[in-house]
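Data file: upload.txt. Format and content: compact mmCIF, C-alpha atoms.
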# COMPACT_ATOMS: atom_id res chain seq x y z
CA MET C 132 42.39 142.19 1.09
CA PHE C 133 42.20 138.50 0.19
CA THR C 134 40.78 135.24 1.50
CA SER C 135 42.66 132.00 2.10
CA THR C 136 42.01 129.07 -0.22
CA GLY C 137 42.43 126.38 2.45
CA ASN C 138 44.54 125.09 5.32
CA ASN C 139 45.81 121.80 6.74
CA PHE C 140 44.33 122.05 10.27
CA GLY C 141 40.60 121.96 9.60
CA GLY C 142 39.85 125.66 9.98
CA GLY C 143 37.52 127.82 7.95
CA ALA C 144 38.30 130.52 5.42
CA ILE C 145 40.58 133.28 6.73
CA GLN C 146 40.33 136.88 5.59
CA PHE C 147 43.56 138.88 5.39
CA LYS C 148 44.21 142.60 5.23
CA ASP C 149 47.46 143.06 3.35
CA VAL C 150 50.12 145.37 2.03
CA GLN C 151 52.23 143.61 -0.60
CA GLU C 152 55.48 145.00 -1.93
CA SER C 153 58.26 143.40 -3.98
CA ASN C 154 60.34 142.52 -0.91
CA TYR C 155 57.96 142.42 2.06
CA LEU C 156 54.37 141.81 3.17
CA ILE C 157 52.29 143.24 6.00
CA LEU C 158 49.58 140.70 6.84
CA ASN C 159 46.75 141.07 9.36
CA ALA C 160 44.37 138.23 10.21
CA LYS C 161 42.66 136.56 13.14
CA LEU C 162 42.09 132.82 12.89
CA THR C 163 41.07 129.92 15.07
CA ALA C 164 42.19 126.29 15.24
CA ASP C 165 40.66 123.46 17.28
CA SER C 166 43.58 121.81 19.07
CA ASP C 167 41.32 118.89 20.11
CA SER C 168 40.51 117.92 16.52
CA ALA C 169 42.10 114.95 14.79
CA THR C 170 43.01 117.12 11.79
CA TYR C 171 44.97 119.57 13.94
CA GLN C 172 46.66 116.80 15.89
CA ALA C 173 47.81 115.04 12.70
CA VAL C 174 49.96 117.90 11.36
CA ASP C 175 53.48 118.96 12.34
CA GLN C 176 52.97 122.63 11.48
CA LEU C 177 50.01 124.81 10.55
CA GLU C 178 49.80 125.75 6.88
CA ILE C 179 47.47 128.34 5.36
CA TYR C 180 47.02 128.28 1.58
CA VAL C 181 46.54 131.63 -0.14
CA PRO C 182 46.45 133.24 -3.61
CA ASP C 183 49.82 134.24 -5.09
CA LEU C 184 51.81 136.49 -2.76
CA SER C 185 54.33 139.10 -3.91
CA ILE C 186 57.20 137.20 -2.24
CA ASP C 187 57.95 133.48 -2.42
CA ARG C 188 59.70 132.91 0.92
CA SER C 189 60.45 134.98 3.98
CA VAL C 190 62.48 135.30 7.12
CA VAL C 191 60.83 134.09 10.32
CA CYS C 192 58.59 136.51 12.20
CA GLY C 193 56.30 136.24 15.22
CA VAL C 194 52.53 135.76 15.61
CA ILE C 195 50.57 135.43 18.86
CA CYS C 196 48.58 132.32 19.88
CA GLN C 197 46.15 132.16 22.82
CA TYR C 198 43.92 129.58 24.48
CA GLN C 199 41.10 130.48 26.87
CA ASP C 200 40.91 129.28 30.48
CA ARG C 201 38.03 130.94 32.30
CA GLY C 202 35.79 129.79 35.13
CA GLU C 203 34.84 130.34 38.74
CA ALA C 204 36.63 129.44 41.96
CA TYR C 205 35.38 130.06 45.51
CA GLY C 206 32.48 132.06 44.15
CA SER C 207 34.62 134.46 42.09
CA PRO C 208 35.36 134.42 38.35
CA TYR C 209 38.87 133.91 37.05
CA ASN C 210 40.51 134.47 33.67
CA TYR C 211 43.72 132.52 33.05
CA ASP C 212 43.83 133.01 29.25
CA ALA C 213 47.39 132.21 28.20
CA GLY C 214 49.58 132.22 25.14
CA THR C 215 52.91 133.00 23.57
CA VAL C 216 54.69 133.93 20.35
CA LEU C 217 54.82 131.38 17.52
CA LYS C 218 57.25 131.40 14.61
CA SER C 219 55.70 132.10 11.21
CA TRP C 220 57.09 132.39 7.69
CA ILE C 221 56.21 132.34 3.99
CA LYS C 222 57.09 128.87 2.70
CA ASP C 223 56.27 129.67 -0.93
CA LYS C 224 54.09 132.19 -2.73
CA ASN C 225 50.95 130.22 -1.83
CA THR C 226 51.73 128.98 1.70
CA ILE C 227 51.96 130.71 5.09
CA VAL C 228 53.39 128.50 7.85
CA ILE C 229 52.86 128.81 11.63
CA GLU C 230 54.77 126.59 14.03
CA LYS C 231 52.81 124.16 16.18
CA LEU C 232 53.86 123.88 19.83
CA PRO C 233 52.93 120.84 21.96
CA GLN C 234 52.10 123.20 24.84
CA PHE C 235 48.88 124.08 22.98
CA ASP C 236 47.78 120.46 22.45
CA ASN C 237 44.29 119.73 23.82
CA LYS C 238 43.71 123.34 24.86
CA GLY C 239 40.47 123.63 22.92
CA VAL C 240 39.96 126.41 20.40
CA LEU C 241 43.13 128.45 19.82
CA THR C 242 43.10 132.05 18.60
CA ILE C 243 46.02 133.22 16.47
CA TRP C 244 46.62 136.85 15.55
CA ILE C 245 48.81 137.55 12.51
CA GLN C 246 49.92 141.20 12.60
CA ALA C 247 53.37 140.80 11.14
CA MET C 248 55.90 141.93 8.57
CA TYR C 249 57.21 139.11 6.35
CA CYS C 250 60.46 140.15 4.65
CA GLN C 251 61.69 138.38 1.51
CA LEU C 252 64.45 135.93 2.34
CA ASN C 253 67.88 136.62 0.78
CA GLN C 254 66.83 139.71 -1.14
CA GLY C 255 67.84 143.31 -0.66
CA GLY C 256 65.74 146.29 -1.53
CA ASN C 257 65.35 150.02 -1.24
CA THR C 258 65.13 151.00 2.41
CA ILE C 259 62.22 153.25 3.37
CA LYS C 260 63.08 155.29 6.42
CA GLY C 261 60.38 156.23 8.86
CA THR C 262 60.54 158.43 11.94
CA ARG C 263 58.96 157.36 15.16
CA THR C 264 55.99 159.28 16.51
CA ARG C 265 55.34 159.24 20.22
CA ILE C 266 51.84 158.15 21.24
CA THR C 267 50.16 159.78 24.22
CA PHE C 268 47.15 158.10 25.80
CA SER C 269 44.34 160.19 27.25
CA ASP C 270 42.15 158.42 29.82
CA PRO C 271 39.77 160.88 31.53
CA LEU C 272 38.80 158.24 34.11
CA ASN C 273 42.46 157.56 35.02
CA LYS C 274 42.07 153.80 34.78
CA THR C 275 45.37 153.42 32.92
CA SER C 276 48.57 155.28 32.26
CA TRP C 277 51.03 154.39 29.53
CA ASP C 278 54.79 154.38 29.19
CA TYR C 279 56.44 157.48 27.71
CA ASP C 280 58.18 155.39 25.04
CA SER C 281 54.93 154.12 23.48
CA ILE C 282 55.49 154.84 19.77
CA CYS C 283 54.32 154.25 16.24
CA VAL C 284 55.94 154.63 12.82
CA ILE C 285 53.41 155.71 10.21
CA PHE C 286 53.56 154.84 6.51
CA GLU C 287 51.03 155.48 3.77
CA ARG C 288 49.41 152.02 3.91
CA TRP C 289 50.50 150.58 7.24
CA VAL C 290 51.74 151.46 10.70
CA PHE C 291 54.06 149.84 13.23
CA VAL C 292 53.05 150.33 16.87
CA THR C 293 54.32 149.30 20.28
CA ALA C 294 52.92 150.53 23.59
CA GLN C 295 53.19 149.54 27.24
CA ILE C 296 50.94 150.18 30.24
CA SER C 297 52.73 151.55 33.30
CA TYR C 298 49.66 151.57 35.58
CA ALA C 299 46.29 149.81 35.44
CA SER C 300 43.46 150.25 37.93
CA SER C 301 42.03 147.18 39.66
CA ASP C 302 38.48 148.41 38.97
CA ASN C 303 36.34 145.76 37.29
CA VAL C 304 35.19 147.94 34.40
CA ASP C 305 35.99 148.34 30.71
CA PHE C 306 39.04 150.54 30.02
CA SER C 307 39.57 152.93 27.11
CA SER C 308 42.04 155.66 26.14
CA THR C 309 42.34 158.04 23.21
CA MET C 310 45.64 157.62 21.33
CA GLN C 311 47.09 160.97 20.30
CA GLY C 312 49.61 160.65 17.45
CA PHE C 313 48.17 157.39 16.08
CA PRO C 314 46.28 157.21 12.74
CA THR C 315 42.50 157.09 13.01
CA ASP C 316 42.09 154.78 10.00
CA VAL C 317 42.99 151.57 11.84
CA SER C 318 40.31 149.20 13.16
CA VAL C 319 41.64 146.00 14.64
CA GLU C 320 41.58 143.51 17.50
CA LEU C 321 45.05 142.77 18.81
CA PRO C 322 46.58 140.80 21.70
CA LEU C 323 47.82 142.62 24.80
CA ILE C 324 50.57 140.59 26.45
CA VAL C 325 50.85 140.44 30.25
CA GLY C 326 54.03 139.18 31.88
CA THR C 327 52.45 136.73 34.33
CA CYS C 328 49.70 134.18 33.81
CA TYR C 329 48.36 132.82 37.10
CA GLY C 330 47.14 129.63 35.41
CA ASN C 331 50.23 128.75 33.34
CA SER C 332 53.76 129.50 34.56
CA LYS C 333 55.30 128.70 31.14
CA MET C 334 53.27 131.25 29.17
CA SER C 335 52.18 134.87 29.37
CA ALA C 336 48.64 136.06 29.86
CA VAL C 337 47.07 137.21 26.58
CA ASN C 338 44.23 139.74 26.57
CA PRO C 339 42.27 140.70 23.43
CA CYS C 340 41.93 144.47 23.11
CA ARG C 341 40.94 146.84 20.30
CA ILE C 342 42.01 149.96 18.46
CA ASP C 343 39.22 151.76 16.63
CA ALA C 344 39.47 155.29 15.15
CA GLY C 345 42.35 156.20 17.45
CA VAL C 346 40.79 154.79 20.63
CA TRP C 347 42.27 151.82 22.52
CA SER C 348 39.90 149.72 24.62
CA ILE C 349 39.63 146.44 26.51
CA ARG C 350 36.56 144.75 27.91
CA ASN C 351 36.61 143.90 31.61
CA GLU C 352 35.80 140.26 30.86
CA ASP C 353 38.92 139.97 28.68
CA LYS C 354 41.34 141.20 31.36
CA THR C 355 43.24 138.29 32.84
CA SER C 356 43.44 137.71 36.59
CA GLY C 357 46.20 139.90 38.02
CA PHE C 358 45.94 142.31 35.09
CA SER C 359 46.45 145.36 37.31
CA SER C 360 49.69 144.13 38.90
CA SER C 361 52.36 146.80 38.37
CA SER C 362 55.00 144.13 37.64
CA ASN C 363 53.23 142.72 34.59
CA LYS C 364 54.23 145.41 32.05
CA GLN C 365 51.26 144.88 29.72
CA PHE C 366 52.18 145.69 26.11
CA PHE C 367 51.29 145.22 22.45
CA PHE C 368 53.53 145.14 19.37
CA ALA C 369 52.11 144.97 15.86
CA TYR C 370 52.36 145.85 12.18
CA LEU C 371 48.88 147.01 11.19
CA VAL C 372 47.27 147.67 7.81
CA ARG C 373 45.55 151.03 7.49
CA ASP C 374 42.02 151.17 6.09
CA GLY C 375 42.34 154.52 4.33
CA GLU C 376 43.35 158.10 4.85
CA GLY C 377 42.69 158.92 8.51
CA ALA C 378 41.73 162.27 9.95
CA ASN C 379 45.16 162.61 11.55
CA ASN C 380 47.11 161.07 8.67
CA GLN C 381 50.75 162.05 9.19
CA ASP C 382 53.86 161.98 7.07
CA PRO C 383 56.34 159.41 8.45
CA THR C 384 59.06 162.06 8.40
CA ASP C 385 57.18 164.13 11.01
CA GLU C 386 58.21 163.51 14.60
CA ASN C 387 56.44 164.39 17.83
With the file now loaded, output its structure as structure tokens.
Amino acid sequence: MFTSTGNNFGGGAIQFKDVQESNYLILNAKLTADSDSATYQAVDQLEIYVPDLSIDRSVVCGVICQYQDRGEAYGSPYNYDAGTVLKSWIKDKNTIVIEKLPQFDNKGVLTIWIQAMYCQLNQGGNTIKGTRTRITFSDPLNKTSWDYDSICVIFERWVFVTAQISYASSDNVDFSSTMQGFPTDVSVELPLIVGTCYGNSKMSAVNPCRIDAGVWSIRNEDKTSGFSSSSNKQFFFAYLVRDGEGANNQDPTDEN
């Protein structure tokens, strides 16, 4: 774990969870940037300054950016929170770069989730093979069901995960499901992407959700309008740092 030393967009200190190897990094962080500020508006790209990293430049990977758009219309609340994927890369051993898109200008406070693998540019290395583990979601209230191909790949210090909802109830309540096959030593907020955003046709809806001790959850207030539509294919995709040895710690060569 480390803390940023500064940035060029006027934000505060950013805390990172990290796994650093000779040819790649797994970085997890949540940060905010005020798109209405003069400091943000003056820069061409977002730069985060950090202590020495184990690699000095990387290939491009994706991070998720969201702005909030919530209110009330005709006596009913709406949630049009929207966002998309931004390019990110390691510029040098002390600088993480995130692209700046004009579509986020003057959208107020932006939230950016970094849950990515940064691979060293132009360098080979020993390949570590992992075997995918299928994740099954148990929801006793039957508010959600999840796609059969929801999977993770578990390593000693980090885990890759991708999962997709195949059905979501329209009930206005919090949802939660137990994740069988996923390590219990991960605690994180991550963005759930929804195909359609009713308030912005050029972006997807972005819903903050959580994984804590093998349980996935989302607050009702964070579900975007139209969340339960069967055509939206809600999903998340992330590289996540593990906090320790979980109760269901598994060898990556085991397959379910």
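Shortest separation to Val337 (chain C) among C:Asn154, C:Thr293, C:Thr355, C:Thr170 occurs at residue C:Thr355, atoms counted being only C-alpha atoms.
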Glu152 (chain C) surroundings by all atoms listed in the file, 10 Å radius, close-in-sequence under 3 positions cut, as number ranges by chain
C: 149, 155-157, 184-186, 250-251
Which residues are close to Trp244 (chain C), i.e. within 10 Å by all atoms listed in the file, leaving aside same-chain residues fewer than 2 positions away? Reply as a PyMOL selection string.
chain C and resi 158-163+193-197+216+242+246-247+320-322+339+369
Go through C:Asp223, C:Asp353, C:Asp167, C:Glu178 one by one, measure the shortest atom-to-atom distance of each to Gly137 (chain C) using all atoms listed in the file, and give the residue with the smallest value.
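Among the listed residues, C:Glu178 lies closest to Gly137 (chain C).
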For a cutoff of 6 Å around the file-coordinate point (47.0, 134.4, 34.9), which residues qualify once you count all atoms listed in the file? I'd like the result as a list in words.
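Those residues, ordered by chain and then number, are Tyr211, Thr327, Cys328, Tyr329, Gly330, Ala336, Thr355 and Ser356 of chain C.
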Dump as a list in words all residues having an atom at most 12 Å from (35.7, 146.2, 29.1), computed in the file's coordinates with only C-alpha atoms.
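Every polymer residue passing the test: Lys274, Asp302, Asn303, Val304, Asp305, Phe306, Ser307, Ser308, Asn338, Pro339, Cys340, Arg341, Trp347, Ser348, Ile349, Arg350, Asn351, Glu352, Asp353, Lys354 and Thr355 of chain C.
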What's the separation between CA of Val284 (chain C) and CA of Gly375 (chain C), in Å to one decimal place?
16.0 Å
Would you mind reading off the distance between CA of Asp374 (chain C) and CA of Gln146 (chain C), one decimal, in Å?
14.4 Å
How far is it from CA of Arg188 (chain C) to CA of Trp220 (chain C), in Å with one decimal?
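Pair CA of Arg188 (chain C) / CA of Trp220 (chain C) returns 7.3 Å.
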Find the residues near Gln176 (chain C): any atom within 9 Å, counting only C-alpha atoms, skip ones fewer than 6 places away on the same chain, and give them as a VMD selection string.
chain C and resid 139 to 140 228 to 232
Considering only C-alpha atoms, state which residue in the set C:Val240, C:Phe291, C:Tyr209, C:Ser276 is at the smallest distance from Gly141 (chain C).
C:Val240
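Nearest to Pro271 (chain C) of all the residues C:Gly214, C:Thr309, C:Gln365, C:Ile179 is C:Thr309, counting all atoms listed in the file.
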What are the centre and the three edge lengths of an axis-aligned box that wraps all atoms of region 346-355 of chain C in the file, given that 6 Å is added to every side, written as JSON and rounded to one decimal in Å?
{"center_x": 39.5, "center_y": 146.5, "center_z": 26.7, "size_x": 19.4, "size_y": 28.5, "size_z": 24.2}
Rank C:Gly206, C:Gly312, C:Gly142, C:Gly239 by their smallest atom-to-atom distance to Arg263 (chain C), using all atoms listed in the file, and report the top residue only.
C:Gly312
Would you mind telling me which residue in C:Ser301, C:Gln295, C:Asn210, C:Asn253 lies nearest to Asn273 (chain C) when using all atoms listed in the file?
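Of all the options, C:Ser301 lies closest to Asn273 (chain C).
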Which residues come within 9 Å of Arg265 (chain C), counting only C-alpha atoms, excluding same-chain residues fewer than 4 positions away, as a list in words?
Tyr279, Asp280, Ser281, Ile282, Cys283, Val284, Gln311, Gly312, Phe313, Glu386 and Asn387 of chain C
May I have the selected residues written with C-alpha atoms, as a PDB file, in the frame of the given file?
ATOM      1  CA  TYR C 279      56.440 157.480  27.710  1.00  0.00           C
ATOM      2  CA  ASP C 280      58.180 155.390  25.040  1.00  0.00           C
ATOM      3  CA  SER C 281      54.930 154.120  23.480  1.00  0.00           C
ATOM      4  CA  ILE C 282      55.490 154.840  19.770  1.00  0.00           C
ATOM      5  CA  CYS C 283      54.320 154.250  16.240  1.00  0.00           C
ATOM      6  CA  VAL C 284      55.940 154.630  12.820  1.00  0.00           C
ATOM      7  CA  GLN C 311      47.090 160.970  20.300  1.00  0.00           C
ATOM      8  CA  GLY C 312      49.610 160.650  17.450  1.00  0.00           C
ATOM      9  CA  PHE C 313      48.170 157.390  16.080  1.00  0.00           C
ATOM     10  CA  GLU C 386      58.210 163.510  14.600  1.00  0.00           C
ATOM     11  CA  ASN C 387      56.440 164.390  17.830  1.00  0.00           C
TER      12      ASN C 387
END
